Amino acid sequence: MKKRYLIPALFILSVISLFVGVSSISPLDLLDFQSEETQIFLISRLPRLVAILLAGAGMSMAGLIMQQLSRNKFVSPTTAGTLDATRLGILVSMLMFANASMIEKMAVAFVFALAGTFLFMQILNRIKFKDAIFIPLVGLMFGNILSSITTFFAYRADVIQNMSAWLQGDFSMVMKGSYELLYISVPVFIIAYLYANRFTVAGMGEDFSKNLGLKYRSIVNIGLTLVALITATVVLTVGVIPFLGLIIPNIVSIFKGDHLQKTLPHTAMLGAIFLLLCDILGRVLIYPYEISISLMVGVIGSFIFLFLLFRRKAYA
Amino acid sequence: MIQVRELSKLYGKKQVVENVTVDIQRGQITSFIGPNGAGKSTLLSMVSRLLDADTGEVLIDSTNTKKMKSNELSKRVSILKQSNFMNVRLTIRELVSFGRFPYSKGRLNDEDEKMVDQAIAYMDLAEMEHAYLDELSGGQRQRAFIAMVIAQDTDYVLLDEPLNNLDMKHSVQIMKILRRLVDELGKTVIIVLHDINFASVYSDRIVALKNGRVVKDGPTEEIIQSAALKEIYDMDIPIQQMNNCRICVYFNS
């Protein structure tokens, strides 16, 4: 879990990702700027890589911030209803503004993601029984309630199929012009890093933060806003990617602890590496077809999640 | 000096702290004692700004705490509550470094690093400074938190039942450390204690609370008296003098 392993791994996988696909492109083809291969490279391959890197890093970071602020290792956008709230938001934007622009959808999805996450944190505050497993279960139930509301209205409005596009994360549709919203996560990364120390302190509890002269509430609010921003952009551009925000921060925590200023870069990098690996596998396994990324991450991720659950007593 | 003036706190309809006025002298250990539900922890939380009082005010060296910026206050008063947030994986050194947060906002300069080194050395934690908190024993963990407070370098150190869940050896160790903070570093320590014998042996002054009110307030030898204890605890507690310590024998009374 050292940077000198993570950076080369990230680089090698990125290069592989750029040159794996149905139409074979060799690095030499890129020398000719007008060639079809160069066009494919610029319109499809490169955007796909950038989207994977940003989404992977973003979702893992969102999970890390949520786990720190909720003081629970099993809370993440997947297990706290954030993803489901975002999808509800997208549905609402589709129903209310027939031809919603990306920015309008983004705004509505963001508001819903934020509201959903805050609602979950409120529920969390009211629960007396703060068991490590119980809380994510409550979050999953909360998410399922939101999800059933979404399904109900989507069914009534006959947009179920449209919605399912956002149910399954998928990078094969990522193209120049459809993924640029993800760049919002770049400033979010920077803000998160600047706030890393405050998030760590907030993770030690309200009393602990106040003792050090920190405004606990506003730090939590900033953290949850960042989480909602990342989630909304990722779900809108590539769809739901489950488990990423759950397993990556946990793996990093085992090796590097919970000092966010030290673990944020590792978490972002490992998230990007993991997602790249899943994406490449998904593209290669049933070549020339593709397994969707949410299926790949879901299968691999749920196994890692189970493993983390079983070894929980050992460290958490 | 900390001056507590007519402090009150209501939880629902229950008056947890009622009209408490107390002066806490500098350079001493003051213990808050009393039965369960007497309002000791609530009072401590209000003095340390963790909790807002309904009425009344707290003056620290003649300044009203409400008029102080929270960052300024965190350089004057520190508080340790019962620590049960052990699912956070930080090393001792990382934790102690957070004690410098009010000064450095997380970017430690050389002086901050020096303070952290000193605090760790003072608590005798140097050889395990890179161990994670969740790998430590209860006593070591409590010492790590006290090291953080030392690094925070406040005149006033408030502790809420720091001996909870500690065995006898570690309890004595912590109390001796608090005594040294007062005698060697000139700190003022305010502590909520359950065991009156620790209060008797280690504190300079005792404030006794019952049903949210101060029932006794004075030097330790005045409070550790059978008559006073009867008033506080409704128990007949004989006092034994041993090696200059006044021990309350409450086990069979």
# chains A, B, ... in the order shown; residues from 1 in each chain; ligands from 1
>>> residues_around(residues="Ile103 in chain A", least_positions_apart="2", cutoff="12 Å", atoms="only C-alpha atoms", output="list in words")
Ile90, Ser93, Phe97, Asn99, Ala100, Ser101, Lys105, Met106, Ala107, Val108, Ala109, Phe110, Ser178, Glu180, Leu181, Leu182, Ile184, Ala232, Thr233, Leu236 and Thr237 of chain A
>>> residues_around(residues="Ile123 in chain A", least_positions_apart="5", cutoff="9 Å", atoms="only C-alpha atoms", output="PDB file with N, CA and C atoms, in the first residue's frame")
ATOM      1  N   PHE A 118     -28.344  13.670   4.230  1.00  0.00           N
ATOM      2  CA  PHE A 118     -28.631  14.363   5.496  1.00  0.00           C
ATOM      3  C   PHE A 118     -29.708  13.617   6.278  1.00  0.00           C
ATOM      4  N   VAL A 138     -29.766  -0.296   8.378  1.00  0.00           N
ATOM      5  CA  VAL A 138     -30.772   0.766   8.354  1.00  0.00           C
ATOM      6  C   VAL A 138     -30.618   1.583   7.073  1.00  0.00           C
ATOM      7  N   GLY A 139     -29.364   1.868   6.710  1.00  0.00           N
ATOM      8  CA  GLY A 139     -29.103   2.638   5.497  1.00  0.00           C
ATOM      9  C   GLY A 139     -29.593   1.924   4.245  1.00  0.00           C
TER      10      GLY A 139
END
>>> atom_distance(atom1="CA of Asn164 in chain B", atom2="CA of Leu90 in chain B")
21.4 Å
>>> interface_residues(of="chain B", to="chain A", cutoff="10 Å", atoms="only C-alpha atoms", output="number ranges by chain")
B: 45, 48-51, 69-75, 77-81, 83-91, 94-95, 98-103, 105-107, 132, 134-135, 149, 152
>>> write_last_selection(atoms="C-alpha atoms", output="CSV table (one decimal), in the first residue's frame")
chain,number,residue,atom,x,y,z
B,45,SER,CA,-19.7,19.9,30.0
B,48,SER,CA,-16.0,23.4,29.0
B,49,ARG,CA,-18.5,24.8,26.4
B,50,LEU,CA,-19.5,21.3,25.1
B,51,LEU,CA,-23.0,22.0,26.3
B,69,LYS,CA,-13.8,32.6,20.1
B,70,SER,CA,-13.9,28.8,20.2
B,71,ASN,CA,-10.4,28.6,18.8
B,72,GLU,CA,-9.1,30.9,21.6
B,73,LEU,CA,-11.0,29.0,24.2
B,74,SER,CA,-9.4,25.7,23.0
B,75,LYS,CA,-6.0,27.2,23.8
B,77,VAL,CA,-9.5,24.9,28.3
B,78,SER,CA,-9.3,21.3,27.2
B,79,ILE,CA,-11.8,18.6,28.0
B,80,LEU,CA,-11.5,14.8,27.8
B,81,LYS,CA,-14.8,12.9,27.9
B,83,SER,CA,-13.5,7.9,25.3
B,84,ASN,CA,-15.4,5.4,23.4
B,85,PHE,CA,-14.6,6.4,19.8
B,86,MET,CA,-12.0,3.7,19.4
B,87,ASN,CA,-13.0,2.6,15.9
B,88,VAL,CA,-10.8,5.4,14.6
B,89,ARG,CA,-7.4,4.0,13.7
B,90,LEU,CA,-4.8,6.7,14.6
B,91,THR,CA,-1.4,6.3,16.0
B,94,GLU,CA,-1.1,11.3,15.2
B,95,LEU,CA,-3.5,11.7,18.1
B,98,PHE,CA,-4.1,16.9,16.9
B,99,GLY,CA,-3.6,18.5,20.3
B,100,ARG,CA,-1.8,21.3,18.3
B,101,PHE,CA,-4.8,21.9,16.1
B,102,PRO,CA,-5.9,25.1,17.7
B,103,TYR,CA,-2.4,26.5,17.0
B,105,LYS,CA,-4.7,24.0,12.0
B,106,GLY,CA,-3.0,20.7,11.0
B,107,ARG,CA,0.2,22.1,9.6
B,132,TYR,CA,-2.4,2.4,16.7
B,134,ASP,CA,-7.0,0.3,19.0
B,135,GLU,CA,-4.0,-1.9,19.7
B,149,VAL,CA,-4.2,17.5,26.2
B,152,GLN,CA,-2.9,21.3,23.5
>>> select_by_dssp(residues="range 77-229 of chain B", states="strand (DSSP E or B)", output="CSV table (one decimal) with C-alpha atoms, in the first residue's frame")
chain,number,residue,atom,x,y,z
B,77,VAL,CA,-9.5,24.9,28.3
B,78,SER,CA,-9.3,21.3,27.2
B,79,ILE,CA,-11.8,18.6,28.0
B,80,LEU,CA,-11.5,14.8,27.8
B,91,THR,CA,-1.4,6.3,16.0
B,132,TYR,CA,-2.4,2.4,16.7
B,156,TYR,CA,-7.2,24.3,32.5
B,157,VAL,CA,-7.6,20.6,32.0
B,158,LEU,CA,-11.1,19.1,32.5
B,159,LEU,CA,-11.7,15.3,32.7
B,160,ASP,CA,-14.9,13.4,32.8
B,188,THR,CA,-5.5,23.5,36.9
B,189,VAL,CA,-7.3,20.2,36.8
B,190,ILE,CA,-11.0,19.7,37.2
B,191,ILE,CA,-12.2,16.1,37.3
B,192,VAL,CA,-15.4,14.2,37.7
B,205,ARG,CA,-10.7,20.8,46.7
B,206,ILE,CA,-14.0,18.9,46.4
B,207,VAL,CA,-17.3,20.1,45.0
B,208,ALA,CA,-20.1,17.8,45.9
B,209,LEU,CA,-23.3,17.8,43.9
B,210,LYS,CA,-26.7,16.2,44.6
B,213,ARG,CA,-27.2,21.5,43.3
B,214,VAL,CA,-23.9,22.1,45.1
B,215,VAL,CA,-24.3,20.6,48.6
B,216,LYS,CA,-20.7,20.9,49.7
B,217,ASP,CA,-17.7,22.9,48.4
B,218,GLY,CA,-14.4,23.2,50.2
B,219,PRO,CA,-10.9,21.9,50.8
>>> select_by_dssp(residues="range 51-200 of chain B", states="helix (DSSP H, G or I)", output="VMD selection string")
chain B and resid 65 to 67 70 to 73 92 to 98 101 to 104 110 to 122 126 to 128 133 to 135 138 to 152 168 to 183 196 to 200
>>> residues_around(residues="range 165-177 of chain B", least_positions_apart="6", cutoff="7 Å", atoms="only C-alpha atoms", output="list in words")
Gly138, Gly139 and Tyr202 of chain B
>>> closest_residue(among="A:Leu309, A:Met269, A:Ala115, A:Leu276", to="Leu83 in chain A", atoms="only C-alpha atoms")
A:Ala115
>>> atom_distance(atom1="CA of Ile16 in chain A", atom2="CA of Gly245 in chain A")
24.0 Å
>>> closest_residue(among="B:Val182, B:Val201, B:Ala147, B:Ala126", to="Asn244 in chain B", atoms="only C-alpha atoms")
B:Val201
>>> residues_around(residues="range 109-119 of chain B", least_positions_apart="4", cutoff="8 Å", atoms="only C-alpha atoms", output="ChimeraX atom specification")
/B:93,96-97,100,104,123,126,147-148,150-151
>>> write_last_selection(atoms="N, CA, C and O atoms", output="PDB file, in the first residue's frame")
ATOM      1  N   ARG B  93       1.065   9.142  18.024  1.00  0.00           N
ATOM      2  CA  ARG B  93       1.656  10.402  17.599  1.00  0.00           C
ATOM      3  C   ARG B  93       0.662  11.250  16.793  1.00  0.00           C
ATOM      4  O   ARG B  93       0.586  12.472  16.970  1.00  0.00           O
ATOM      5  N   VAL B  96      -1.766  12.769  19.330  1.00  0.00           N
ATOM      6  CA  VAL B  96      -1.172  13.844  20.117  1.00  0.00           C
ATOM      7  C   VAL B  96      -0.973  15.079  19.242  1.00  0.00           C
ATOM      8  O   VAL B  96      -1.161  16.212  19.695  1.00  0.00           O
ATOM      9  N   SER B  97      -0.636  14.869  17.958  1.00  0.00           N
ATOM     10  CA  SER B  97      -0.450  15.999  17.050  1.00  0.00           C
ATOM     11  C   SER B  97      -1.725  16.819  16.901  1.00  0.00           C
ATOM     12  O   SER B  97      -1.665  18.037  16.712  1.00  0.00           O
ATOM     13  N   ARG B 100      -2.317  19.977  18.808  1.00  0.00           N
ATOM     14  CA  ARG B 100      -1.791  21.263  18.333  1.00  0.00           C
ATOM     15  C   ARG B 100      -2.729  21.930  17.353  1.00  0.00           C
ATOM     16  O   ARG B 100      -2.407  22.994  16.805  1.00  0.00           O
ATOM     17  N   SER B 104      -2.033  25.217  15.014  1.00  0.00           N
ATOM     18  CA  SER B 104      -1.420  25.018  13.702  1.00  0.00           C
ATOM     19  C   SER B 104      -2.416  24.726  12.605  1.00  0.00           C
ATOM     20  O   SER B 104      -2.065  24.750  11.437  1.00  0.00           O
ATOM     21  N   MET B 123       4.438  11.550  28.979  1.00  0.00           N
ATOM     22  CA  MET B 123       3.509  10.458  29.272  1.00  0.00           C
ATOM     23  C   MET B 123       4.165   9.093  29.102  1.00  0.00           C
ATOM     24  O   MET B 123       3.491   8.074  29.177  1.00  0.00           O
ATOM     25  N   ALA B 126       6.986   7.249  24.358  1.00  0.00           N
ATOM     26  CA  ALA B 126       7.868   7.443  23.203  1.00  0.00           C
ATOM     27  C   ALA B 126       8.096   6.155  22.416  1.00  0.00           C
ATOM     28  O   ALA B 126       8.052   6.162  21.186  1.00  0.00           O
ATOM     29  N   ALA B 147      -1.748  12.886  26.905  1.00  0.00           N
ATOM     30  CA  ALA B 147      -0.622  13.475  26.167  1.00  0.00           C
ATOM     31  C   ALA B 147      -1.141  14.488  25.150  1.00  0.00           C
ATOM     32  O   ALA B 147      -0.548  15.556  24.962  1.00  0.00           O
ATOM     33  N   MET B 148      -2.262  14.169  24.519  1.00  0.00           N
ATOM     34  CA  MET B 148      -2.828  15.114  23.553  1.00  0.00           C
ATOM     35  C   MET B 148      -3.206  16.429  24.232  1.00  0.00           C
ATOM     36  O   MET B 148      -2.951  17.514  23.701  1.00  0.00           O
ATOM     37  N   ILE B 150      -1.878  17.599  26.933  1.00  0.00           N
ATOM     38  CA  ILE B 150      -0.648  18.305  27.288  1.00  0.00           C
ATOM     39  C   ILE B 150      -0.132  19.076  26.071  1.00  0.00           C
ATOM     40  O   ILE B 150       0.287  20.232  26.170  1.00  0.00           O
ATOM     41  N   ALA B 151      -0.195  18.433  24.907  1.00  0.00           N
ATOM     42  CA  ALA B 151       0.247  19.118  23.687  1.00  0.00           C
ATOM     43  C   ALA B 151      -0.660  20.306  23.385  1.00  0.00           C
ATOM     44  O   ALA B 151      -0.215  21.319  22.844  1.00  0.00           O
TER      45      ALA B 151
END
>>> closest_residue(among="A:Ser302, A:Gln122, A:Ser164, A:Ser294", to="Val220 in chain A", atoms="only C-alpha atoms")
A:Gln122
>>> atom_distance(atom1="CA of Leu137 in chain A", atom2="CA of Val234 in chain A")
23.5 Å
>>> residues_around(residues="Pro265 in chain A", least_positions_apart="3", cutoff="12 Å", atoms="only C-alpha atoms", output="PyMOL selection string")
chain A and resi 1-3+6-7+57-58+60-61+64+189-190+192-194+196+248-249+252+256+259-262+268-272
>>> decode(residues="range 170-284 of chain A", atoms="C-alpha atoms", output="PDB file, in the first residue's frame")
ATOM      1  CA  ASP A 170     -21.592   1.448 -17.621  1.00  0.00           C
ATOM      2  CA  PHE A 171     -18.490   2.936 -19.168  1.00  0.00           C
ATOM      3  CA  SER A 172     -19.124   1.715 -22.704  1.00  0.00           C
ATOM      4  CA  MET A 173     -21.383   4.685 -23.405  1.00  0.00           C
ATOM      5  CA  VAL A 174     -18.847   7.208 -22.182  1.00  0.00           C
ATOM      6  CA  MET A 175     -17.791   9.420 -25.045  1.00  0.00           C
ATOM      7  CA  LYS A 176     -16.436  12.839 -25.685  1.00  0.00           C
ATOM      8  CA  GLY A 177     -19.225  15.240 -24.737  1.00  0.00           C
ATOM      9  CA  SER A 178     -20.994  12.958 -22.283  1.00  0.00           C
ATOM     10  CA  TYR A 179     -18.568  12.650 -19.404  1.00  0.00           C
ATOM     11  CA  GLU A 180     -17.150  16.139 -18.872  1.00  0.00           C
ATOM     12  CA  LEU A 181     -19.415  16.720 -15.858  1.00  0.00           C
ATOM     13  CA  LEU A 182     -17.104  14.369 -13.981  1.00  0.00           C
ATOM     14  CA  TYR A 183     -14.456  17.068 -13.933  1.00  0.00           C
ATOM     15  CA  ILE A 184     -16.469  18.647 -11.118  1.00  0.00           C
ATOM     16  CA  SER A 185     -14.840  16.044  -8.903  1.00  0.00           C
ATOM     17  CA  VAL A 186     -11.394  17.587  -9.448  1.00  0.00           C
ATOM     18  CA  PRO A 187     -12.061  20.704  -7.328  1.00  0.00           C
ATOM     19  CA  VAL A 188     -13.962  18.445  -4.932  1.00  0.00           C
ATOM     20  CA  PHE A 189     -10.789  16.359  -4.484  1.00  0.00           C
ATOM     21  CA  ILE A 190      -8.813  19.480  -3.678  1.00  0.00           C
ATOM     22  CA  ILE A 191     -11.345  20.755  -1.144  1.00  0.00           C
ATOM     23  CA  ALA A 192     -11.548  17.314   0.457  1.00  0.00           C
ATOM     24  CA  TYR A 193      -7.784  17.222   0.806  1.00  0.00           C
ATOM     25  CA  LEU A 194      -7.689  20.679   2.364  1.00  0.00           C
ATOM     26  CA  TYR A 195     -10.341  19.577   4.848  1.00  0.00           C
ATOM     27  CA  ALA A 196      -8.762  16.172   5.499  1.00  0.00           C
ATOM     28  CA  ASN A 197      -7.527  17.052   8.984  1.00  0.00           C
ATOM     29  CA  ARG A 198     -10.865  18.509   9.978  1.00  0.00           C
ATOM     30  CA  PHE A 199     -12.674  15.398   8.755  1.00  0.00           C
ATOM     31  CA  THR A 200     -10.343  13.242  10.836  1.00  0.00           C
ATOM     32  CA  VAL A 201     -11.068  15.319  13.936  1.00  0.00           C
ATOM     33  CA  ALA A 202     -14.807  15.282  13.240  1.00  0.00           C
ATOM     34  CA  GLY A 203     -14.545  11.497  13.007  1.00  0.00           C
ATOM     35  CA  MET A 204     -13.494  11.453  16.651  1.00  0.00           C
ATOM     36  CA  GLY A 205     -16.848  12.898  17.652  1.00  0.00           C
ATOM     37  CA  GLU A 206     -18.547  16.188  18.396  1.00  0.00           C
ATOM     38  CA  ASP A 207     -17.054  16.649  21.864  1.00  0.00           C
ATOM     39  CA  PHE A 208     -13.568  15.898  20.597  1.00  0.00           C
ATOM     40  CA  SER A 209     -13.955  18.447  17.781  1.00  0.00           C
ATOM     41  CA  LYS A 210     -15.316  21.150  20.058  1.00  0.00           C
ATOM     42  CA  ASN A 211     -12.432  20.602  22.468  1.00  0.00           C
ATOM     43  CA  LEU A 212     -10.070  21.482  19.631  1.00  0.00           C
ATOM     44  CA  GLY A 213     -12.094  24.561  18.749  1.00  0.00           C
ATOM     45  CA  LEU A 214     -13.655  23.129  15.572  1.00  0.00           C
ATOM     46  CA  LYS A 215     -17.170  23.753  14.381  1.00  0.00           C
ATOM     47  CA  TYR A 216     -18.352  20.156  14.148  1.00  0.00           C
ATOM     48  CA  ARG A 217     -21.673  20.760  12.394  1.00  0.00           C
ATOM     49  CA  SER A 218     -20.246  22.848   9.582  1.00  0.00           C
ATOM     50  CA  ILE A 219     -17.470  20.319   8.940  1.00  0.00           C
ATOM     51  CA  VAL A 220     -20.009  17.505   8.690  1.00  0.00           C
ATOM     52  CA  ASN A 221     -22.128  19.626   6.361  1.00  0.00           C
ATOM     53  CA  ILE A 222     -19.176  20.379   4.091  1.00  0.00           C
ATOM     54  CA  GLY A 223     -18.212  16.705   4.027  1.00  0.00           C
ATOM     55  CA  LEU A 224     -21.696  15.530   3.126  1.00  0.00           C
ATOM     56  CA  THR A 225     -21.983  18.205   0.431  1.00  0.00           C
ATOM     57  CA  LEU A 226     -18.778  16.918  -1.178  1.00  0.00           C
ATOM     58  CA  VAL A 227     -20.098  13.355  -1.007  1.00  0.00           C
ATOM     59  CA  ALA A 228     -23.389  14.370  -2.647  1.00  0.00           C
ATOM     60  CA  LEU A 229     -21.583  16.296  -5.397  1.00  0.00           C
ATOM     61  CA  ILE A 230     -19.353  13.374  -6.291  1.00  0.00           C
ATOM     62  CA  THR A 231     -22.186  10.857  -6.174  1.00  0.00           C
ATOM     63  CA  ALA A 232     -24.508  12.968  -8.307  1.00  0.00           C
ATOM     64  CA  THR A 233     -21.903  13.520 -11.036  1.00  0.00           C
ATOM     65  CA  VAL A 234     -20.855   9.874 -11.120  1.00  0.00           C
ATOM     66  CA  VAL A 235     -24.400   8.475 -11.246  1.00  0.00           C
ATOM     67  CA  LEU A 236     -25.393  10.940 -13.969  1.00  0.00           C
ATOM     68  CA  THR A 237     -22.426  10.288 -16.212  1.00  0.00           C
ATOM     69  CA  VAL A 238     -21.665   6.577 -15.742  1.00  0.00           C
ATOM     70  CA  GLY A 239     -24.390   5.210 -13.481  1.00  0.00           C
ATOM     71  CA  VAL A 240     -24.406   3.494 -10.126  1.00  0.00           C
ATOM     72  CA  ILE A 241     -21.131   1.858  -9.105  1.00  0.00           C
ATOM     73  CA  PRO A 242     -21.844  -0.109  -5.945  1.00  0.00           C
ATOM     74  CA  PHE A 243     -19.447  -1.156  -3.184  1.00  0.00           C
ATOM     75  CA  LEU A 244     -16.512   0.938  -4.359  1.00  0.00           C
ATOM     76  CA  GLY A 245     -16.968   3.539  -1.623  1.00  0.00           C
ATOM     77  CA  LEU A 246     -17.299   0.743   0.897  1.00  0.00           C
ATOM     78  CA  ILE A 247     -14.389  -1.582   0.250  1.00  0.00           C
ATOM     79  CA  ILE A 248     -11.608   0.730  -0.924  1.00  0.00           C
ATOM     80  CA  PRO A 249     -11.503   2.962   2.198  1.00  0.00           C
ATOM     81  CA  ASN A 250     -11.653  -0.126   4.410  1.00  0.00           C
ATOM     82  CA  ILE A 251      -8.702  -1.750   2.682  1.00  0.00           C
ATOM     83  CA  VAL A 252      -6.657   1.443   2.926  1.00  0.00           C
ATOM     84  CA  SER A 253      -7.621   1.867   6.583  1.00  0.00           C
ATOM     85  CA  ILE A 254      -6.287  -1.573   7.461  1.00  0.00           C
ATOM     86  CA  PHE A 255      -2.857  -0.699   6.088  1.00  0.00           C
ATOM     87  CA  LYS A 256      -2.612   3.040   6.620  1.00  0.00           C
ATOM     88  CA  GLY A 257      -4.977   3.927   9.481  1.00  0.00           C
ATOM     89  CA  ASP A 258      -7.555   6.708   9.521  1.00  0.00           C
ATOM     90  CA  HIS A 259      -5.487   9.873   9.293  1.00  0.00           C
ATOM     91  CA  LEU A 260      -7.254  11.286   6.262  1.00  0.00           C
ATOM     92  CA  GLN A 261      -4.496  13.598   5.164  1.00  0.00           C
ATOM     93  CA  LYS A 262      -2.303  10.529   4.774  1.00  0.00           C
ATOM     94  CA  THR A 263      -4.928   8.126   3.424  1.00  0.00           C
ATOM     95  CA  LEU A 264      -6.945  10.276   1.000  1.00  0.00           C
ATOM     96  CA  PRO A 265      -4.424  10.077  -1.870  1.00  0.00           C
ATOM     97  CA  HIS A 266      -4.042   6.325  -1.388  1.00  0.00           C
ATOM     98  CA  THR A 267      -7.785   5.823  -1.271  1.00  0.00           C
ATOM     99  CA  ALA A 268      -8.324   7.829  -4.453  1.00  0.00           C
ATOM    100  CA  MET A 269      -5.551   5.939  -6.275  1.00  0.00           C
ATOM    101  CA  LEU A 270      -6.622   2.487  -5.117  1.00  0.00           C
ATOM    102  CA  GLY A 271     -10.206   3.282  -6.087  1.00  0.00           C
ATOM    103  CA  ALA A 272      -9.116   4.241  -9.583  1.00  0.00           C
ATOM    104  CA  ILE A 273      -6.906   1.129  -9.861  1.00  0.00           C
ATOM    105  CA  PHE A 274      -9.669  -1.198  -8.701  1.00  0.00           C
ATOM    106  CA  LEU A 275     -12.212   0.283 -11.072  1.00  0.00           C
ATOM    107  CA  LEU A 276      -9.761   0.172 -13.991  1.00  0.00           C
ATOM    108  CA  LEU A 277      -9.024  -3.467 -13.272  1.00  0.00           C
ATOM    109  CA  CYS A 278     -12.736  -4.340 -13.126  1.00  0.00           C
ATOM    110  CA  ASP A 279     -13.357  -2.423 -16.335  1.00  0.00           C
ATOM    111  CA  ILE A 280     -10.516  -4.130 -18.222  1.00  0.00           C
ATOM    112  CA  LEU A 281     -11.677  -7.554 -16.990  1.00  0.00           C
ATOM    113  CA  GLY A 282     -15.235  -6.752 -18.022  1.00  0.00           C
ATOM    114  CA  ARG A 283     -14.050  -5.846 -21.495  1.00  0.00           C
ATOM    115  CA  VAL A 284     -11.809  -8.873 -21.935  1.00  0.00           C
TER     116      VAL A 284
END
